[in-house]
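Below is one structure; the comments refer to it alone.
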Amino acid sequence: MYGTQLNWSDAQKLRQFCEDNGLQYIATTESCAGLWDRSVAIHKGSGETLHYDIDEDQDIMVNEHTIRKAKSLAEIIEYLDAAAFFPDALTIES
């Protein structure tokens, strides 16, 4: 999804539509000083939507809570691997 002039409530409706209809998406949110940081939401067409903090280059950032919660380095790598996702192309047939 890409829209620099998209209202937040409209973006939420679009995300919900995708989730309700099994559509994959990646949605990034730029930071707003004092309110929220940069983040990305990844929905793979089913299951839970994954949320990650990202830096200016849109690289996934692993915070202290995630590191402490992980039982091993393998779990942290698994967390990062889940973010390595690119949705299938959306094709509309008539």
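To be explicit about the labels: the chains of the structure tokens are called A, B, and onward in the order shown, and within each one the residues are counted from 1, while ligands get numbers from 1 in the order they are shown.
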Per-residue DSSP, chain A, filtered to strand (DSSP E or B), as a list in words:
Gln24, Tyr25, Ile26, Ala27, Thr28, Thr29, Cys32, Trp36, Ser39, Val40, Ala41, Ile42, His43, Lys44, Leu50, His51, Tyr52, Asp53, Ile54, Ile60 and Met61 of chain A
- Using only C-alpha atoms, which residues sit within 12 Å of Ile67 of chain A once same-chain residues fewer than 5 positions away are excluded, as a list in words? Met61, Val62, Ser72, Leu73, Ala74, Glu75, Ile76, Ile77, Glu78, Tyr79 and Leu80 of chain A
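Atom CA of His43 of chain A is found 13.8 Å from atom CA of Leu90 of chain A.
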The distance between atom CA of Asp59 of chain A and atom CA of Cys32 of chain A is 17.9 Å
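Here the question is which of A:Ala70, A:Val40, A:Leu50, A:Ala27 gets nearest to Leu14 of chain A using only C-alpha atoms, and that residue is A:Ala27.
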d(atom CA of Glu48 of chain A, atom CA of Phe86 of chain A) in Å
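It comes out at 15.9 Å.
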Applying 9 Å and only C-alpha atoms, which residues near Gly22 of chain A remain after dropping the ones on its own chain fewer than 4 positions away? List them as a PyMOL selection string. chain A and resi 17-18+43-46
Resulting file, chosen residues, N, CA and C atoms, as a CSV table (one decimal), in the first residue's frame:
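Output file again.csv follows:
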```csv
chain,number,residue,atom,x,y,z
A,17,PHE,N,-10.0,-4.5,5.2
A,17,PHE,CA,-10.5,-5.2,4.0
A,17,PHE,C,-9.6,-6.3,3.5
A,18,CYS,N,-8.3,-6.0,3.5
A,18,CYS,CA,-7.3,-7.0,3.0
A,18,CYS,C,-7.3,-8.2,3.9
A,43,HIS,N,1.1,-8.4,6.5
A,43,HIS,CA,0.0,-9.4,6.6
A,43,HIS,C,0.2,-10.3,5.4
A,44,LYS,N,0.3,-11.6,5.7
A,44,LYS,CA,0.7,-12.6,4.7
A,44,LYS,C,-0.5,-13.3,4.1
A,45,GLY,N,-1.7,-12.7,4.3
A,45,GLY,CA,-2.9,-13.2,3.7
A,45,GLY,C,-3.8,-14.0,4.7
A,46,SER,N,-3.2,-14.5,5.7
A,46,SER,CA,-3.9,-15.2,6.8
A,46,SER,C,-3.1,-15.1,8.1
```
